[in-house]
>>> print(open('upload_0.cif').read())   # mmCIF, C-alpha atoms
data_run
loop_
_atom_site.group_PDB
_atom_site.id
_atom_site.type_symbol
_atom_site.label_atom_id
_atom_site.label_comp_id
_atom_site.auth_asym_id
_atom_site.auth_seq_id
_atom_site.Cartn_x
_atom_site.Cartn_y
_atom_site.Cartn_z
ATOM 1 C CA MET G 140 -98.874 45.814 -44.045
ATOM 2 C CA LEU G 141 -101.915 45.914 -41.790
ATOM 3 C CA VAL G 142 -101.544 47.313 -38.277
ATOM 4 C CA SER G 143 -102.354 43.912 -36.776
ATOM 5 C CA GLY G 144 -99.578 42.335 -38.838
ATOM 6 C CA ARG G 145 -97.086 44.975 -37.736
ATOM 7 C CA ARG G 146 -98.138 44.435 -34.121
ATOM 8 C CA ARG G 147 -97.421 40.716 -34.408
ATOM 9 C CA LEU G 148 -94.026 41.429 -35.938
ATOM 10 C CA LEU G 149 -93.169 43.925 -33.210
ATOM 11 C CA THR G 150 -94.157 41.428 -30.525
ATOM 12 C CA ALA G 151 -92.001 38.778 -32.169
ATOM 13 C CA LEU G 152 -89.159 41.271 -32.481
ATOM 14 C CA LEU G 153 -89.195 42.099 -28.784
ATOM 15 C CA GLN G 154 -89.398 38.412 -27.870
ATOM 16 C CA ALA G 155 -86.545 37.577 -30.232
ATOM 17 C CA GLN G 156 -84.057 40.100 -28.921
ATOM 18 C CA LYS G 157 -81.419 38.614 -26.654
ATOM 19 C CA TRP G 158 -79.750 42.003 -26.272
ATOM 20 C CA SER G 159 -82.204 44.207 -24.440
ATOM 21 C CA PHE G 160 -83.737 47.329 -25.946
ATOM 22 C CA GLN G 161 -82.054 50.467 -24.697
ATOM 23 C CA PRO G 162 -83.043 53.919 -25.995
ATOM 24 C CA SER G 163 -79.867 55.506 -27.283
ATOM 25 C CA ARG G 164 -78.363 58.479 -29.035
ATOM 26 C CA ASP G 165 -76.770 56.266 -31.659
ATOM 27 C CA MET G 166 -77.343 57.187 -35.286
ATOM 28 C CA ARG G 167 -79.766 54.602 -36.692
ATOM 29 C CA LEU G 168 -80.906 55.749 -40.147
ATOM 30 C CA VAL G 169 -84.035 54.201 -41.667
ATOM 31 C CA GLN G 170 -86.248 54.421 -44.728
ATOM 32 C CA PHE G 171 -89.924 54.179 -43.892
ATOM 33 C CA GLN G 172 -93.480 54.802 -44.984
ATOM 34 C CA ALA G 173 -96.520 55.855 -42.966
ATOM 35 C CA PRO G 174 -100.230 56.175 -43.856
ATOM 36 C CA HIS G 175 -100.218 59.970 -43.422
ATOM 37 C CA LEU G 176 -97.105 60.484 -45.580
ATOM 38 C CA VAL G 177 -96.703 60.446 -49.344
ATOM 39 C CA GLY G 178 -93.961 58.105 -50.506
ATOM 40 C CA PRO G 179 -90.828 56.909 -48.694
ATOM 41 C CA HIS G 180 -89.196 59.084 -46.034
ATOM 42 C CA LEU G 181 -85.901 59.062 -44.162
ATOM 43 C CA GLY G 182 -85.899 58.754 -40.409
ATOM 44 C CA LEU G 183 -83.989 57.950 -37.265
ATOM 45 C CA GLU G 184 -84.818 54.879 -35.228
ATOM 46 C CA THR G 185 -84.792 55.981 -31.586
ATOM 47 C CA GLY G 186 -82.824 53.010 -30.332
ATOM 48 C CA ASN G 187 -82.866 49.326 -31.223
ATOM 49 C CA GLY G 188 -86.572 48.533 -31.508
ATOM 50 C CA GLY G 189 -87.750 52.113 -30.901
ATOM 51 C CA GLY G 190 -89.969 54.546 -32.766
ATOM 52 C CA VAL G 191 -89.001 56.782 -35.667
ATOM 53 C CA ILE G 192 -88.127 60.476 -35.995
ATOM 54 C CA ASN G 193 -89.110 61.852 -39.409
ATOM 55 C CA LEU G 194 -85.955 63.519 -40.782
ATOM 56 C CA ASN G 195 -87.808 64.987 -43.760
ATOM 57 C CA ALA G 196 -90.214 66.755 -41.410
ATOM 58 C CA PHE G 197 -87.244 68.132 -39.469
ATOM 59 C CA ASP G 198 -85.609 69.410 -42.674
ATOM 60 C CA PRO G 199 -87.751 69.213 -45.852
ATOM 61 C CA THR G 200 -84.682 69.873 -48.024
ATOM 62 C CA LEU G 201 -83.207 66.468 -47.146
ATOM 63 C CA PRO G 202 -83.450 63.708 -49.755
ATOM 64 C CA ARG G 203 -86.108 61.089 -49.151
ATOM 65 C CA MET G 204 -83.966 58.143 -50.240
ATOM 66 C CA MET G 205 -80.894 56.813 -48.439
ATOM 67 C CA THR G 206 -78.608 56.641 -51.469
ATOM 68 C CA GLN G 207 -79.068 60.348 -52.201
ATOM 69 C CA PHE G 208 -78.682 61.116 -48.483
ATOM 70 C CA LEU G 209 -75.334 59.284 -48.385
ATOM 71 C CA GLU G 210 -74.139 60.932 -51.598
ATOM 72 C CA GLN G 211 -74.268 64.327 -49.868
ATOM 73 C CA GLY G 212 -71.958 63.105 -47.128
ATOM 74 C CA GLU G 213 -71.283 65.264 -44.095
ATOM 75 C CA ALA G 214 -73.832 67.900 -45.114
ATOM 76 C CA THR G 215 -76.789 65.570 -44.591
ATOM 77 C CA LEU G 216 -75.238 63.620 -41.711
ATOM 78 C CA SER G 217 -74.826 66.843 -39.749
ATOM 79 C CA VAL G 218 -78.556 67.541 -40.167
ATOM 80 C CA ALA G 219 -79.341 64.064 -38.864
ATOM 81 C CA ARG G 220 -77.102 64.671 -35.842
ATOM 82 C CA ARG G 221 -78.984 67.867 -35.049
ATOM 83 C CA ALA G 222 -82.276 66.015 -35.313
ATOM 84 C CA LEU G 223 -80.993 63.298 -33.005
ATOM 85 C CA ALA G 224 -79.995 65.878 -30.399
ATOM 86 C CA ALA G 225 -83.303 67.751 -30.579
ATOM 87 C CA GLN G 226 -86.502 66.851 -28.723
ATOM 88 C CA LEU G 227 -88.566 65.839 -31.744
ATOM 89 C CA PRO G 228 -91.851 63.967 -32.100
ATOM 90 C CA VAL G 229 -91.455 60.200 -32.396
ATOM 91 C CA LEU G 230 -93.717 58.115 -34.606
ATOM 92 C CA PRO G 231 -94.669 54.900 -32.770
ATOM 93 C CA ARG G 232 -93.127 51.832 -34.355
ATOM 94 C CA LEU G 233 -96.519 50.273 -35.013
ATOM 95 C CA GLU G 234 -97.532 53.254 -37.145
ATOM 96 C CA VAL G 235 -94.717 52.996 -39.674
ATOM 97 C CA THR G 236 -93.666 50.467 -42.300
ATOM 98 C CA PHE G 237 -89.926 49.943 -42.388
ATOM 99 C CA LEU G 238 -88.320 49.705 -45.814
ATOM 100 C CA ALA G 239 -84.841 48.365 -46.397
ATOM 101 C CA PRO G 240 -82.407 51.064 -45.202
ATOM 102 C CA VAL G 241 -80.897 51.054 -48.705
ATOM 103 C CA THR G 242 -82.895 50.370 -51.853
ATOM 104 C CA ARG G 243 -81.660 50.237 -55.455
ATOM 105 C CA PRO G 244 -77.924 50.364 -54.714
ATOM 106 C CA ASP G 245 -75.531 50.293 -57.652
ATOM 107 C CA LYS G 246 -74.307 46.899 -56.470
ATOM 108 C CA VAL G 247 -74.720 44.215 -53.827
ATOM 109 C CA VAL G 248 -71.383 42.474 -53.272
ATOM 110 C CA CYS G 249 -71.403 39.145 -51.402
ATOM 111 C CA VAL G 250 -68.634 37.127 -49.775
ATOM 112 C CA GLY G 251 -68.547 33.339 -49.513
ATOM 113 C CA MET G 252 -66.842 31.115 -46.930
ATOM 114 C CA ASN G 253 -65.870 34.086 -44.760
ATOM 115 C CA TYR G 254 -66.290 32.615 -41.261
ATOM 116 C CA VAL G 255 -63.577 30.437 -39.739
ATOM 117 C CA ASP G 256 -66.154 28.351 -37.841
ATOM 118 C CA HIS G 257 -68.179 27.882 -41.046
ATOM 119 C CA CYS G 258 -65.080 26.572 -42.837
ATOM 120 C CA LYS G 259 -64.500 24.161 -39.944
ATOM 121 C CA GLU G 260 -68.119 23.000 -40.183
ATOM 122 C CA LEU G 261 -67.543 22.130 -43.838
ATOM 123 C CA ASN G 262 -64.056 20.740 -43.235
ATOM 124 C CA VAL G 263 -62.614 22.970 -45.962
ATOM 125 C CA PRO G 264 -59.521 25.212 -45.915
ATOM 126 C CA VAL G 265 -59.918 28.855 -44.937
ATOM 127 C CA PRO G 266 -59.793 30.889 -48.185
ATOM 128 C CA LYS G 267 -56.570 32.730 -48.944
ATOM 129 C CA GLU G 268 -58.444 35.367 -50.968
ATOM 130 C CA PRO G 269 -62.052 36.598 -50.615
ATOM 131 C CA ILE G 270 -64.621 34.586 -52.575
ATOM 132 C CA ILE G 271 -66.820 37.196 -54.260
ATOM 133 C CA PHE G 272 -70.219 36.907 -55.917
ATOM 134 C CA SER G 273 -73.271 39.182 -56.083
ATOM 135 C CA LYS G 274 -77.009 39.643 -55.859
ATOM 136 C CA PHE G 275 -79.095 41.951 -58.006
ATOM 137 C CA ALA G 276 -80.568 44.983 -56.237
ATOM 138 C CA SER G 277 -84.055 43.735 -57.177
ATOM 139 C CA SER G 278 -83.669 41.013 -54.503
ATOM 140 C CA ILE G 279 -83.725 43.612 -51.684
ATOM 141 C CA VAL G 280 -86.819 43.836 -49.481
ATOM 142 C CA GLY G 281 -87.555 45.389 -46.108
ATOM 143 C CA PRO G 282 -86.685 44.021 -42.669
ATOM 144 C CA TYR G 283 -90.179 42.641 -41.995
ATOM 145 C CA ASP G 284 -91.224 41.790 -45.540
ATOM 146 C CA GLU G 285 -92.082 38.297 -46.737
ATOM 147 C CA VAL G 286 -89.620 35.943 -48.418
ATOM 148 C CA VAL G 287 -91.325 34.320 -51.408
ATOM 149 C CA LEU G 288 -90.448 30.705 -52.189
ATOM 150 C CA PRO G 289 -89.903 30.570 -55.965
ATOM 151 C CA PRO G 290 -91.515 27.639 -57.775
ATOM 152 C CA GLU G 291 -88.183 27.104 -59.552
ATOM 153 C CA SER G 292 -86.440 25.994 -56.324
ATOM 154 C CA GLN G 293 -87.138 23.287 -53.747
ATOM 155 C CA GLU G 294 -84.102 24.001 -51.552
ATOM 156 C CA VAL G 295 -84.349 27.529 -50.143
ATOM 157 C CA ASP G 296 -82.020 28.145 -47.183
ATOM 158 C CA TRP G 297 -81.294 30.835 -44.589
ATOM 159 C CA GLU G 298 -78.064 32.824 -43.989
ATOM 160 C CA VAL G 299 -77.698 35.660 -41.463
ATOM 161 C CA GLU G 300 -75.003 38.183 -42.428
ATOM 162 C CA LEU G 301 -73.440 41.464 -41.370
ATOM 163 C CA ALA G 302 -73.943 43.996 -44.166
ATOM 164 C CA VAL G 303 -71.635 46.954 -44.779
ATOM 165 C CA VAL G 304 -73.079 50.056 -46.451
ATOM 166 C CA ILE G 305 -70.723 52.252 -48.452
ATOM 167 C CA GLY G 306 -70.931 56.001 -47.878
ATOM 168 C CA LYS G 307 -68.181 57.405 -50.096
ATOM 169 C CA LYS G 308 -67.153 56.727 -53.694
ATOM 170 C CA GLY G 309 -63.794 55.032 -54.201
ATOM 171 C CA LYS G 310 -61.607 52.795 -56.360
ATOM 172 C CA HIS G 311 -58.333 51.079 -55.448
ATOM 173 C CA ILE G 312 -59.003 51.841 -51.789
ATOM 174 C CA LYS G 313 -56.268 50.939 -49.331
ATOM 175 C CA ALA G 314 -57.268 48.840 -46.335
ATOM 176 C CA THR G 315 -55.974 51.591 -44.049
ATOM 177 C CA ASP G 316 -58.374 54.064 -45.704
ATOM 178 C CA ALA G 317 -61.338 51.711 -46.102
ATOM 179 C CA MET G 318 -63.387 52.751 -43.063
ATOM 180 C CA ALA G 319 -63.499 56.315 -44.402
ATOM 181 C CA HIS G 320 -65.650 54.891 -47.204
ATOM 182 C CA VAL G 321 -68.094 53.110 -44.859
ATOM 183 C CA ALA G 322 -71.388 54.736 -43.856
ATOM 184 C CA GLY G 323 -72.399 52.012 -41.442
ATOM 185 C CA PHE G 324 -73.761 48.516 -40.913
ATOM 186 C CA THR G 325 -77.055 46.643 -41.011
ATOM 187 C CA VAL G 326 -78.485 43.127 -40.775
ATOM 188 C CA ALA G 327 -78.917 41.014 -43.908
ATOM 189 C CA HIS G 328 -80.662 37.740 -44.684
ATOM 190 C CA ASP G 329 -78.839 36.176 -47.633
ATOM 191 C CA VAL G 330 -81.599 33.804 -48.737
ATOM 192 C CA SER G 331 -80.162 31.075 -50.960
ATOM 193 C CA ALA G 332 -81.611 28.506 -53.371
ATOM 194 C CA ARG G 333 -79.180 25.632 -52.832
ATOM 195 C CA ASP G 334 -80.270 23.569 -55.848
ATOM 196 C CA TRP G 335 -79.358 26.473 -58.119
ATOM 197 C CA LEU G 336 -76.045 26.952 -56.297
ATOM 198 C CA THR G 337 -74.883 23.357 -56.388
ATOM 199 C CA ARG G 338 -76.454 21.697 -59.449
ATOM 200 C CA ARG G 339 -77.966 24.239 -61.828
ATOM 201 C CA ASN G 340 -76.591 27.046 -64.034
ATOM 202 C CA GLY G 341 -73.129 25.479 -64.220
ATOM 203 C CA LYS G 342 -72.885 25.740 -60.413
ATOM 204 C CA GLN G 343 -72.458 29.505 -60.674
ATOM 205 C CA TRP G 344 -73.966 31.149 -57.615
ATOM 206 C CA LEU G 345 -75.698 34.223 -59.021
ATOM 207 C CA LEU G 346 -79.135 32.855 -59.925
ATOM 208 C CA GLY G 347 -79.479 30.883 -56.696
ATOM 209 C CA LYS G 348 -78.774 34.018 -54.692
ATOM 210 C CA THR G 349 -80.819 36.619 -56.470
ATOM 211 C CA PHE G 350 -84.470 35.568 -56.722
ATOM 212 C CA ASP G 351 -86.858 38.395 -55.827
ATOM 213 C CA THR G 352 -87.139 38.883 -52.014
ATOM 214 C CA PHE G 353 -83.854 37.015 -51.390
ATOM 215 C CA CYS G 354 -82.143 39.961 -49.648
ATOM 216 C CA PRO G 355 -84.049 41.343 -46.649
ATOM 217 C CA LEU G 356 -82.116 44.229 -45.049
ATOM 218 C CA GLY G 357 -82.549 46.368 -41.948
ATOM 219 C CA PRO G 358 -84.027 47.540 -39.821
ATOM 220 C CA ALA G 359 -81.575 50.485 -39.698
ATOM 221 C CA LEU G 360 -78.302 51.658 -41.146
ATOM 222 C CA VAL G 361 -76.320 52.051 -37.921
ATOM 223 C CA THR G 362 -73.521 54.511 -38.602
ATOM 224 C CA LYS G 363 -69.985 53.281 -38.064
ATOM 225 C CA ASP G 364 -69.357 55.678 -35.171
ATOM 226 C CA SER G 365 -72.325 54.106 -33.360
ATOM 227 C CA VAL G 366 -70.893 50.568 -33.466
ATOM 228 C CA ALA G 367 -68.211 49.817 -30.877
ATOM 229 C CA ASP G 368 -66.520 47.088 -32.964
ATOM 230 C CA PRO G 369 -68.235 45.628 -36.040
ATOM 231 C CA HIS G 370 -65.890 42.649 -35.869
ATOM 232 C CA ASN G 371 -66.928 41.613 -32.371
ATOM 233 C CA LEU G 372 -70.727 41.321 -32.517
ATOM 234 C CA LYS G 373 -72.951 38.379 -31.631
ATOM 235 C CA ILE G 374 -74.756 37.129 -34.715
ATOM 236 C CA CYS G 375 -77.572 34.596 -34.837
ATOM 237 C CA CYS G 376 -80.457 33.232 -36.884
ATOM 238 C CA ARG G 377 -83.649 31.578 -35.630
ATOM 239 C CA VAL G 378 -86.144 29.593 -37.655
ATOM 240 C CA ASN G 379 -89.529 29.322 -35.977
ATOM 241 C CA GLY G 380 -87.891 30.395 -32.715
ATOM 242 C CA GLU G 381 -85.154 27.743 -32.801
ATOM 243 C CA VAL G 382 -81.566 29.021 -32.899
ATOM 244 C CA VAL G 383 -79.951 27.594 -36.031
ATOM 245 C CA GLN G 384 -76.928 29.900 -36.349
ATOM 246 C CA SER G 385 -75.005 31.443 -33.446
ATOM 247 C CA SER G 386 -71.558 32.929 -33.744
ATOM 248 C CA ASN G 387 -69.627 36.205 -33.581
ATOM 249 C CA THR G 388 -68.339 38.483 -36.310
ATOM 250 C CA ASN G 389 -64.858 38.003 -34.832
ATOM 251 C CA GLN G 390 -64.900 34.722 -36.785
ATOM 252 C CA MET G 391 -64.775 36.596 -40.101
ATOM 253 C CA VAL G 392 -61.762 35.603 -42.196
ATOM 254 C CA PHE G 393 -61.614 38.901 -44.101
ATOM 255 C CA LYS G 394 -62.760 41.971 -42.187
ATOM 256 C CA THR G 395 -64.490 45.022 -43.650
ATOM 257 C CA GLU G 396 -61.259 46.853 -44.480
ATOM 258 C CA GLU G 397 -59.770 43.883 -46.342
ATOM 259 C CA LEU G 398 -62.962 43.259 -48.286
ATOM 260 C CA ILE G 399 -63.263 46.861 -49.438
ATOM 261 C CA ALA G 400 -59.603 46.951 -50.475
ATOM 262 C CA TRP G 401 -59.932 43.668 -52.371
ATOM 263 C CA VAL G 402 -63.190 44.377 -54.206
ATOM 264 C CA SER G 403 -62.260 47.982 -55.064
ATOM 265 C CA GLN G 404 -59.420 46.642 -57.219
ATOM 266 C CA PHE G 405 -62.116 45.504 -59.657
ATOM 267 C CA VAL G 406 -65.023 47.921 -59.260
ATOM 268 C CA THR G 407 -65.749 51.454 -58.127
ATOM 269 C CA PHE G 408 -67.739 51.652 -54.920
ATOM 270 C CA TYR G 409 -70.578 54.180 -54.785
ATOM 271 C CA PRO G 410 -72.604 55.511 -51.832
ATOM 272 C CA GLY G 411 -75.337 53.036 -50.986
ATOM 273 C CA ASP G 412 -73.483 49.962 -52.228
ATOM 274 C CA VAL G 413 -73.940 46.976 -49.925
ATOM 275 C CA ILE G 414 -71.423 44.293 -48.975
ATOM 276 C CA LEU G 415 -72.756 41.076 -47.445
ATOM 277 C CA THR G 416 -69.808 39.750 -45.461
ATOM 278 C CA GLY G 417 -70.578 36.027 -45.218
ATOM 279 C CA THR G 418 -72.484 33.715 -42.899
ATOM 280 C CA PRO G 419 -71.550 31.622 -39.842
ATOM 281 C CA PRO G 420 -72.191 27.865 -39.515
ATOM 282 C CA GLY G 421 -75.634 26.337 -39.122
ATOM 283 C CA VAL G 422 -77.286 26.758 -42.514
ATOM 284 C CA GLY G 423 -79.885 24.175 -43.473
ATOM 285 C CA VAL G 424 -78.139 22.487 -46.381
ATOM 286 C CA PHE G 425 -75.337 21.108 -44.193
ATOM 287 C CA ARG G 426 -77.628 19.616 -41.558
ATOM 288 C CA LYS G 427 -78.116 15.868 -41.463
ATOM 289 C CA PRO G 428 -80.560 15.475 -43.043
ATOM 290 C CA PRO G 429 -80.678 18.857 -44.846
ATOM 291 C CA VAL G 430 -83.442 21.261 -43.803
ATOM 292 C CA PHE G 431 -84.939 23.870 -46.117
ATOM 293 C CA LEU G 432 -87.431 26.680 -45.639
ATOM 294 C CA LYS G 433 -91.109 25.966 -46.204
ATOM 295 C CA LYS G 434 -94.258 28.022 -46.415
ATOM 296 C CA GLY G 435 -95.227 29.430 -43.012
ATOM 297 C CA ASP G 436 -91.719 29.466 -41.546
ATOM 298 C CA GLU G 437 -90.497 32.601 -39.780
ATOM 299 C CA VAL G 438 -86.818 33.554 -39.953
ATOM 300 C CA GLN G 439 -85.283 35.986 -37.458
ATOM 301 C CA CYS G 440 -81.794 37.318 -38.214
ATOM 302 C CA GLU G 441 -80.173 39.303 -35.409
ATOM 303 C CA ILE G 442 -76.867 41.064 -34.859
ATOM 304 C CA GLU G 443 -75.839 42.659 -31.591
ATOM 305 C CA GLU G 444 -76.151 46.477 -31.588
ATOM 306 C CA LEU G 445 -77.732 46.452 -35.058
ATOM 307 C CA GLY G 446 -81.126 44.871 -34.469
ATOM 308 C CA VAL G 447 -83.300 42.017 -35.719
ATOM 309 C CA ILE G 448 -85.142 41.429 -38.974
ATOM 310 C CA ILE G 449 -88.101 39.053 -39.189
ATOM 311 C CA ASN G 450 -89.242 37.499 -42.454
ATOM 312 C CA LYS G 451 -92.211 35.221 -42.967
ATOM 313 C CA VAL G 452 -91.800 32.619 -45.701
ATOM 314 C CA VAL G 453 -94.705 32.442 -48.158
#
>>> encode(input="upload_0.cif", output="structure tokens")
Amino acid sequence: MLVSGRRRLLTALLQAQKWSFQPSRDMRLVQFQAPHLVGPHLGLETGNGGGVINLNAFDPTLPRMMTQFLEQGEATLSVARRALAAQLPVLPRLEVTFLAPVTRPDKVVCVGMNYVDHCKELNVPVPKEPIIFSKFASSIVGPYDEVVLPPESQEVDWEVELAVVIGKKGKHIKATDAMAHVAGFTVAHDVSARDWLTRRNGKQWLLGKTFDTFCPLGPALVTKDSVADPHNLKICCRVNGEVVQSSNTNQMVFKTEELIAWVSQFVTFYPGDVILTGTPPGVGVFRKPPVFLKKGDEVQCEIEELGVIINKVV
């Protein structure tokens, strides 16, 4: 992305934030690129909306990809803590390109109908068991990357979601042990092609959820110890500056622990796996009349304490 484009995104980011930027000592892990660096690097965002500390410059033995970083567990996290405590050079935000905090996970698990207020909006019963589907990892893009409208769909919609990132392998995980398997949280945009969800492909959800660019993530993986309560965070989505979704993660039907326990009955979780935990009310398809994304739109998905991602629709 050109510097001028990044500057526009940063300006929009700062204007979008309802929860003011505060430099912090929270652990905010990022994957990024910069013109003077070869390939992706791992870093620390110096607060919500701040610059980036290059972790690989601090310790060249660290992996350069988040999945490998998480696989090493406490060994690599302790290095990141030392870097956070040190007085290290900070790369200005405008000089780096943020990648998704996790790329190429083993799986992206998604949850449907997981907000009480969303169920009320649809006048449907609250699910008694989690409704699980998935996206392919190839749908993941960075927090400020473009969302591409596929020619195969005319009904592309927005969905802001809290994403959980797994940090420790596990199967048949008890709810009481689930948080030990969580690395942290990030913001997700679960872009959805409604025509493929409701009328095509036998009404199975996979294809409508997994077009390329349909899973922007970021900007940072905020470690679980840096989030006061992941189930009490303001969550909102804006399209062209207009608030279209506004709720709180306390409306989630099934919390992180329950979701991990449920899904791990069927699959093994691996470090880097992502769980998209559902969306609040206000998506375009249920408006009267329905509203869908069009070329030139800008979608901002924001979650308190985690940050904001901004995606232009092309």
>>> resolve_selection(input="upload_0.cif", expression="the PyMOL selection byres ((chain G and resi 400-405) around 9)", output="PyMOL selection string")
chain G and resi 248+268-269+271+309-317+395-399+406-408
>>> closest_residue(input="upload_0.cif", among="G:Asn253, G:Lys433, G:Ser386, G:Val191", to="G:Pro290", atoms="only C-alpha atoms")
G:Lys433
>>> axis_aligned_box(input="upload_0.cif", around="stretch 193-200 of chain G", padding_each_side="6 Å", output="JSON")
{"center_x": -87.4, "center_y": 65.9, "center_z": -43.7, "size_x": 17.5, "size_y": 20.0, "size_z": 20.6}
>>> resolve_selection(input="upload_0.cif", expression="the PyMOL selection byres ((chain G and resi 439) around 6)", output="ChimeraX atom specification")
/G:376-377,438,440,448-449
>>> atom_distance(input="upload_0.cif", atom1="atom CA of G:Gly186", atom2="atom CA of G:Arg167")
7.2 Å
>>> closest_residue(input="upload_0.cif", among="G:Val326, G:Ile414, G:Val422, G:Ala173", to="G:Val447", atoms="only C-alpha atoms")
G:Val326
>>> atom_distance(input="upload_0.cif", atom1="atom CA of G:Leu201", atom2="atom CA of G:Glu213")
12.4 Å
>>> atom_distance(input="upload_0.cif", atom1="atom CA of G:Val452", atom2="atom CA of G:Val286")
4.8 Å
>>> residues_around(input="upload_0.cif", residues="G:Gly423", least_positions_apart="4", cutoff="7 Å", atoms="all atoms listed in the file", output="list of chain:residue names")
G:Asp296, G:Trp297, G:Pro429, G:Val430, G:Phe431
>>> resolve_selection(input="upload_0.cif", expression="the PyMOL selection byres ((chain G and resi 437) around 6)", output="PyMOL selection string")
chain G and resi 378-379+436+438+450-451
>>> write_last_selection(input="upload_0.cif", atoms="C-alpha atoms", output="PDB file, keeping the file's coordinate frame")
ATOM      1  CA  VAL G 378     -86.144  29.593 -37.655  1.00  0.00           C
ATOM      2  CA  ASN G 379     -89.529  29.322 -35.977  1.00  0.00           C
ATOM      3  CA  ASP G 436     -91.719  29.466 -41.546  1.00  0.00           C
ATOM      4  CA  VAL G 438     -86.818  33.554 -39.953  1.00  0.00           C
ATOM      5  CA  ASN G 450     -89.242  37.499 -42.454  1.00  0.00           C
ATOM      6  CA  LYS G 451     -92.211  35.221 -42.967  1.00  0.00           C
TER       7      LYS G 451
END
>>> residues_around(input="upload_0.cif", residues="G:Asn193", least_positions_apart="6", cutoff="7 Å", atoms="all atoms listed in the file", output="list of chain:residue names")
G:Leu181, G:Gly182, G:Leu183
>>> closest_residue(input="upload_0.cif", among="G:Lys259, G:Lys274, G:Arg221, G:Arg232", to="G:Pro244", atoms="only C-alpha atoms")
G:Lys274
